[in-house]
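Undergrad: Input structure: upload_36.cif, which contains mmCIF, C-alpha atoms.
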```
data_upload
loop_
_atom_site.label_atom_id
_atom_site.label_comp_id
_atom_site.auth_asym_id
_atom_site.auth_seq_id
_atom_site.Cartn_x
_atom_site.Cartn_y
_atom_site.Cartn_z
CA MET A 1 70.12 28.99 -96.42
CA SER A 2 71.56 26.94 -99.28
CA VAL A 3 71.70 27.62 -102.99
CA THR A 4 70.90 25.03 -105.66
CA PRO A 5 72.93 24.79 -108.87
CA GLU A 6 70.11 26.64 -110.63
CA GLY A 7 70.63 29.54 -108.23
CA ARG A 8 67.35 29.08 -106.36
CA ARG A 9 67.63 29.76 -102.63
CA LEU A 10 66.25 27.12 -100.30
CA LEU A 11 65.61 27.71 -96.64
CA ARG A 12 66.62 24.82 -94.39
CA VAL A 13 64.46 24.87 -91.28
CA GLU A 14 66.39 22.29 -89.31
CA ALA A 15 70.09 22.97 -88.76
CA ARG A 16 70.93 19.26 -88.64
CA ASN A 17 69.64 18.86 -92.21
CA SER A 18 71.45 21.86 -93.66
CA GLU A 19 74.07 19.73 -95.40
CA THR A 20 71.51 17.43 -97.03
CA PRO A 21 70.47 18.66 -100.47
CA ILE A 22 66.77 19.02 -101.19
CA GLU A 23 65.95 16.59 -103.95
CA ARG A 24 63.41 17.12 -106.70
CA LYS A 25 60.15 15.40 -105.79
CA PRO A 26 58.83 12.65 -108.09
CA SER A 27 55.97 13.58 -110.42
CA TRP A 28 53.54 11.14 -108.75
CA ILE A 29 53.74 13.07 -105.47
CA ARG A 30 51.91 16.05 -106.96
CA THR A 31 48.14 16.03 -106.82
CA THR A 32 45.23 18.38 -107.34
CA ALA A 33 43.33 19.65 -104.33
CA LYS A 34 39.75 18.36 -104.45
CA MET A 35 37.48 20.86 -102.74
CA GLY A 36 34.22 19.10 -103.48
CA PRO A 37 30.94 19.04 -101.57
CA GLU A 38 32.21 16.73 -98.80
CA TYR A 39 35.21 18.97 -98.17
CA SER A 40 32.92 22.00 -97.96
CA ALA A 41 30.53 20.20 -95.61
CA MET A 42 33.40 19.11 -93.34
CA SER A 43 34.81 22.63 -93.33
CA SER A 44 31.42 24.05 -92.31
CA LEU A 45 30.91 21.41 -89.62
CA VAL A 46 34.29 22.09 -88.04
CA LYS A 47 33.85 25.87 -88.21
CA ASP A 48 30.24 25.88 -86.98
CA GLY A 49 31.10 23.50 -84.15
CA GLY A 50 33.97 25.70 -82.98
CA LEU A 51 36.28 22.71 -83.34
CA HIS A 52 39.90 22.33 -84.34
CA THR A 53 41.45 19.61 -86.46
CA VAL A 54 45.08 18.74 -86.77
CA CYS A 55 44.38 18.78 -90.50
CA GLN A 56 43.95 22.57 -90.39
CA GLU A 57 46.18 23.64 -87.54
CA ALA A 58 49.22 21.60 -88.60
CA GLY A 59 48.84 22.55 -92.25
CA CYS A 60 48.43 18.94 -93.41
CA PRO A 61 48.77 18.68 -97.19
CA ASN A 62 46.29 15.77 -97.28
CA ILE A 63 43.37 17.76 -95.86
CA PHE A 64 41.50 17.93 -99.17
CA GLU A 65 41.73 14.19 -99.78
CA CYS A 66 40.77 13.21 -96.22
CA TRP A 67 37.94 15.69 -95.84
CA GLU A 68 36.51 14.70 -99.20
CA ASP A 69 36.39 11.14 -97.74
CA ARG A 70 34.84 12.56 -94.53
CA GLU A 71 37.87 11.71 -92.43
CA ALA A 72 39.45 14.06 -89.93
CA THR A 73 41.59 14.00 -86.83
CA PHE A 74 40.05 16.12 -84.10
CA LEU A 75 42.48 18.38 -82.24
CA ILE A 76 41.53 18.99 -78.62
CA GLY A 77 42.92 21.32 -75.99
CA GLY A 78 42.78 24.42 -78.19
CA ASP A 79 44.82 25.56 -81.15
CA ILE A 80 47.94 26.78 -79.34
CA CYS A 81 50.61 24.28 -78.27
CA THR A 82 53.13 24.68 -75.45
CA ARG A 83 55.83 22.92 -77.50
CA ARG A 84 57.49 23.67 -80.81
CA CYS A 85 58.18 20.51 -82.80
CA ASP A 86 60.07 20.60 -86.11
CA PHE A 87 57.52 18.40 -87.89
CA CYS A 88 54.43 20.40 -86.93
CA ASP A 89 52.97 23.75 -87.94
CA ILE A 90 50.63 24.25 -84.97
CA ALA A 91 51.07 27.66 -83.36
CA THR A 92 53.17 27.76 -80.19
CA GLY A 93 52.52 30.03 -77.25
CA ARG A 94 50.45 30.43 -74.11
CA PRO A 95 47.18 28.54 -74.65
CA ALA A 96 43.78 29.75 -73.48
CA ALA A 97 41.91 27.97 -70.70
CA LEU A 98 40.46 24.58 -71.57
CA ASP A 99 37.01 24.57 -73.13
CA THR A 100 35.03 22.20 -70.91
CA ASP A 101 32.32 21.82 -73.59
CA GLU A 102 34.82 20.59 -76.19
CA PRO A 103 34.35 16.84 -75.47
CA ARG A 104 30.59 17.15 -76.05
CA ARG A 105 31.07 19.10 -79.28
CA VAL A 106 33.58 16.57 -80.61
CA ALA A 107 31.18 13.72 -79.76
CA GLU A 108 28.31 15.55 -81.46
CA SER A 109 30.42 16.12 -84.58
CA VAL A 110 31.35 12.42 -84.66
CA ARG A 111 27.60 11.65 -84.52
CA GLN A 112 26.75 14.19 -87.26
CA LEU A 113 29.45 12.73 -89.50
CA GLY A 114 28.28 9.18 -88.80
CA LEU A 115 31.83 8.10 -88.07
CA ARG A 116 32.45 4.47 -87.16
CA TYR A 117 35.96 5.42 -86.06
CA ALA A 118 37.14 8.72 -84.61
CA THR A 119 40.74 9.83 -84.25
CA VAL A 120 41.56 12.40 -81.59
CA THR A 121 44.86 14.12 -80.92
CA GLY A 122 45.64 17.37 -79.19
CA VAL A 123 48.11 20.10 -78.52
CA ALA A 124 50.62 19.58 -75.72
CA ARG A 125 49.36 21.35 -72.61
CA ASP A 126 52.44 21.49 -70.39
CA ASP A 127 50.81 24.51 -68.72
CA LEU A 128 48.24 22.27 -66.99
CA PRO A 129 48.97 20.11 -63.93
CA ASP A 130 47.49 17.04 -65.65
CA GLY A 131 48.76 17.90 -69.16
CA ALA A 132 45.10 17.74 -70.30
CA ALA A 133 44.81 14.02 -69.46
CA GLY A 134 41.37 14.70 -68.01
CA LEU A 135 40.27 16.36 -71.25
CA TYR A 136 41.43 13.36 -73.29
CA ALA A 137 39.62 10.94 -70.97
CA GLU A 138 36.41 13.00 -71.00
CA THR A 139 36.49 13.26 -74.81
CA ILE A 140 36.76 9.47 -75.13
CA ARG A 141 33.87 8.97 -72.71
CA ALA A 142 31.73 11.60 -74.50
CA ILE A 143 32.31 10.00 -77.92
CA HIS A 144 31.40 6.55 -76.57
CA ALA A 145 28.30 7.88 -74.78
CA ALA A 146 26.95 9.65 -77.87
CA ASN A 147 28.17 7.03 -80.35
CA PRO A 148 28.24 3.59 -78.66
CA THR A 149 29.44 1.73 -81.77
CA THR A 150 32.18 4.20 -82.71
CA GLY A 151 35.78 3.23 -82.08
CA VAL A 152 38.13 5.88 -80.71
CA GLU A 153 41.83 6.19 -81.48
CA ILE A 154 43.67 8.58 -79.21
CA LEU A 155 47.06 10.16 -79.94
CA PRO A 156 47.98 12.03 -76.76
CA PRO A 157 51.21 13.81 -75.83
CA ASP A 158 53.65 12.18 -73.41
CA PHE A 159 52.10 13.80 -70.28
CA GLY A 160 55.60 14.53 -68.99
CA ALA A 161 56.27 10.77 -68.64
CA ARG A 162 53.79 10.51 -65.74
CA PRO A 163 52.28 6.99 -65.81
CA GLU A 164 49.27 7.97 -63.69
CA LEU A 165 48.18 10.45 -66.38
CA VAL A 166 48.63 7.89 -69.15
CA GLY A 167 46.55 5.51 -67.01
CA GLN A 168 43.78 8.08 -66.63
CA VAL A 169 43.40 8.26 -70.42
CA PHE A 170 43.78 4.50 -70.85
CA ASP A 171 41.05 3.86 -68.25
CA ALA A 172 38.58 5.86 -70.37
CA GLY A 173 38.63 2.94 -72.81
CA PRO A 174 39.94 4.05 -76.20
CA GLU A 175 39.99 1.24 -78.75
CA VAL A 176 43.46 2.35 -79.86
CA PHE A 177 45.98 4.18 -77.68
CA ALA A 178 48.64 5.39 -80.09
CA HIS A 179 51.46 7.88 -79.83
CA ASN A 180 53.19 10.16 -82.30
CA LEU A 181 56.74 8.87 -82.54
CA GLU A 182 57.95 12.36 -83.25
CA THR A 183 57.10 13.36 -79.68
CA VAL A 184 58.95 10.50 -77.97
#
```
Let me see whether you can do it: turn the structure in this file into structure tokens.
TA:
Amino acid sequence: MSVTPEGRRLLRVEARNSETPIERKPSWIRTTAKMGPEYSAMSSLVKDGGLHTVCQEAGCPNIFECWEDREATFLIGGDICTRRCDFCDIATGRPAALDTDEPRRVAESVRQLGLRYATVTGVARDDLPDGAAGLYAETIRAIHAANPTTGVEILPPDFGARPELVGQVFDAGPEVFAHNLETV
């Protein structure tokens, strides 16, 4: 905990940053949350479909802007992660069993939204022998089957540095195979 000159207490989450003062944010960084009709429709679609998005689970501050533009990053593998990363607000703990219908529901939501491009990430599933590689691969295949012209960007975890698991996801044919640098 540090104290600013004005006497306001600031909690420093990361010990390595405790000596770095928190600077005042520029005025342009502030925005107004736009909870218009598209945001409401996206919220209903995600809730009714029993889906998770990284937008919600990680507490992304851009959720209102993205959802109003009908953009979202689907979060597969549940809403509980087996890792605790400093940059993320997804709950950590013992995840539930995989939902084998999730790939179909994600693909159906992509179709309902009319997305030309779908981004899919997921929680780390170190509790599973394949780290959920099979789930990622099946989700890619389901999106392509239901939406043949939709591109898929996948942002998987590191799969414990096991190349055969990375290959399993790659072989499913995502248009973009990306990786969150924070997890490397």
Undergrad: Please provide as a ChimeraX atom specification all residues within 9 Å of Ala72 of chain A, with the sequence filter that same-chain residues fewer than 6 positions apart are discarded (counting only C-alpha atoms).
TA: /A:42,53-55,63,66,118-120
Undergrad: Could you please determine the separation between atom CA of Gly49 of chain A and atom CA of Glu71 of chain A in Å, to one decimal place?
TA: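 According to the coordinates, atom CA of Gly49 of chain A and atom CA of Glu71 of chain A are separated by 15.9 Å.
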Undergrad: Identify, on the basis of all atoms listed in the file, every residue whose closest approach to Val106 of chain A does not exceed 10 Å; exclude the query and any residue fewer than 4 positions from it along the same chain; express the result as a list in words.
TA: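 Those residues are Val46, Gly49, Gly50, Leu51, His52, Phe74, Leu75, Ile76, Asp101, Glu102, Val110, Arg111, Gln112, Ala118, Val120, Thr139, Ile140, Ala142, Ile143 and Ala146 of chain A.
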Undergrad: For this file, the PyMOL selection byres ((chain A and resi 137) around 9) selects which residues, as number ranges by chain?
TA: A: 132-136, 138-142, 168-174
Undergrad: Got time to write the residues from that selection, C-alpha atoms, as an mmCIF file, in the frame of the given file?
TA:
```
data_model
loop_
_atom_site.group_PDB
_atom_site.id
_atom_site.type_symbol
_atom_site.label_atom_id
_atom_site.label_comp_id
_atom_site.auth_asym_id
_atom_site.auth_seq_id
_atom_site.Cartn_x
_atom_site.Cartn_y
_atom_site.Cartn_z
ATOM 1 C CA ALA A 132 45.100 17.740 -70.300
ATOM 2 C CA ALA A 133 44.810 14.020 -69.460
ATOM 3 C CA GLY A 134 41.370 14.700 -68.010
ATOM 4 C CA LEU A 135 40.270 16.360 -71.250
ATOM 5 C CA TYR A 136 41.430 13.360 -73.290
ATOM 6 C CA GLU A 138 36.410 13.000 -71.000
ATOM 7 C CA THR A 139 36.490 13.260 -74.810
ATOM 8 C CA ILE A 140 36.760 9.470 -75.130
ATOM 9 C CA ARG A 141 33.870 8.970 -72.710
ATOM 10 C CA ALA A 142 31.730 11.600 -74.500
ATOM 11 C CA GLN A 168 43.780 8.080 -66.630
ATOM 12 C CA VAL A 169 43.400 8.260 -70.420
ATOM 13 C CA PHE A 170 43.780 4.500 -70.850
ATOM 14 C CA ASP A 171 41.050 3.860 -68.250
ATOM 15 C CA ALA A 172 38.580 5.860 -70.370
ATOM 16 C CA GLY A 173 38.630 2.940 -72.810
ATOM 17 C CA PRO A 174 39.940 4.050 -76.200
#
```
Undergrad: Pick the closest to Arg116 of chain A from A:Gly93, A:Pro148, A:Pro103, A:Gly131: which is it, counting all atoms listed in the file?
TA: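 Among the listed residues, the smallest separation from Arg116 of chain A belongs to A:Pro148.
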Undergrad: Neighbouring residues of segment 79-81 of chain A were defined as those with any atom within 8 Å, considering all atoms listed in the file; residues of the same chain fewer than 5 positions away were excluded. Please report them as a short mmCIF file (atom, residue, chain, number, x, y, z; two decimals) with C-alpha atoms, keeping the file's coordinate frame.
TA:
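Contents of the output file around-v1.cif:
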```
data_model
loop_
_atom_site.label_atom_id
_atom_site.label_comp_id
_atom_site.auth_asym_id
_atom_site.auth_seq_id
_atom_site.Cartn_x
_atom_site.Cartn_y
_atom_site.Cartn_z
CA HIS A 52 39.90 22.33 -84.34
CA GLU A 57 46.18 23.64 -87.54
CA ILE A 90 50.63 24.25 -84.97
CA ALA A 91 51.07 27.66 -83.36
CA THR A 92 53.17 27.76 -80.19
CA GLY A 93 52.52 30.03 -77.25
CA ARG A 94 50.45 30.43 -74.11
CA PRO A 95 47.18 28.54 -74.65
CA ALA A 96 43.78 29.75 -73.48
CA VAL A 123 48.11 20.10 -78.52
CA ALA A 124 50.62 19.58 -75.72
CA ARG A 125 49.36 21.35 -72.61
#
```
Undergrad: Please evaluate the PyMOL selection byres ((chain A and resi 31) around 12) against the displayed coordinates and give the resulting residues as a VMD selection string.
TA: chain A and resid 26 to 30 32 to 34 61 to 62 64 to 65
Undergrad: Could you check the closest approach to Trp67 of chain A for each of A:Pro37, A:Val152, A:Leu98, A:Asp48 and tell me which residue wins, using only C-alpha atoms?
TA: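 Nearest to Trp67 of chain A: A:Pro37.
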Undergrad: One number please: atom CA of Glu153 of chain A to atom CA of Asp86 of chain A, in Å, one decimal.
TA: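 Atom-to-atom, atom CA of Glu153 of chain A and atom CA of Asp86 of chain A are spaced 23.7 Å apart.
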Undergrad: Would you mind reading off the distance between atom CA of Ser44 of chain A and atom CA of Thr121 of chain A, one decimal, in Å?
TA: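 These atoms are spaced 20.2 Å apart.
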Undergrad: Which one is closest to Arg70 of chain A: A:Gly122, A:Gly36, A:Pro129, A:Pro21? Count only C-alpha atoms.
TA: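 Checking each candidate against Arg70 of chain A, we get A:Gly36 as the closest.
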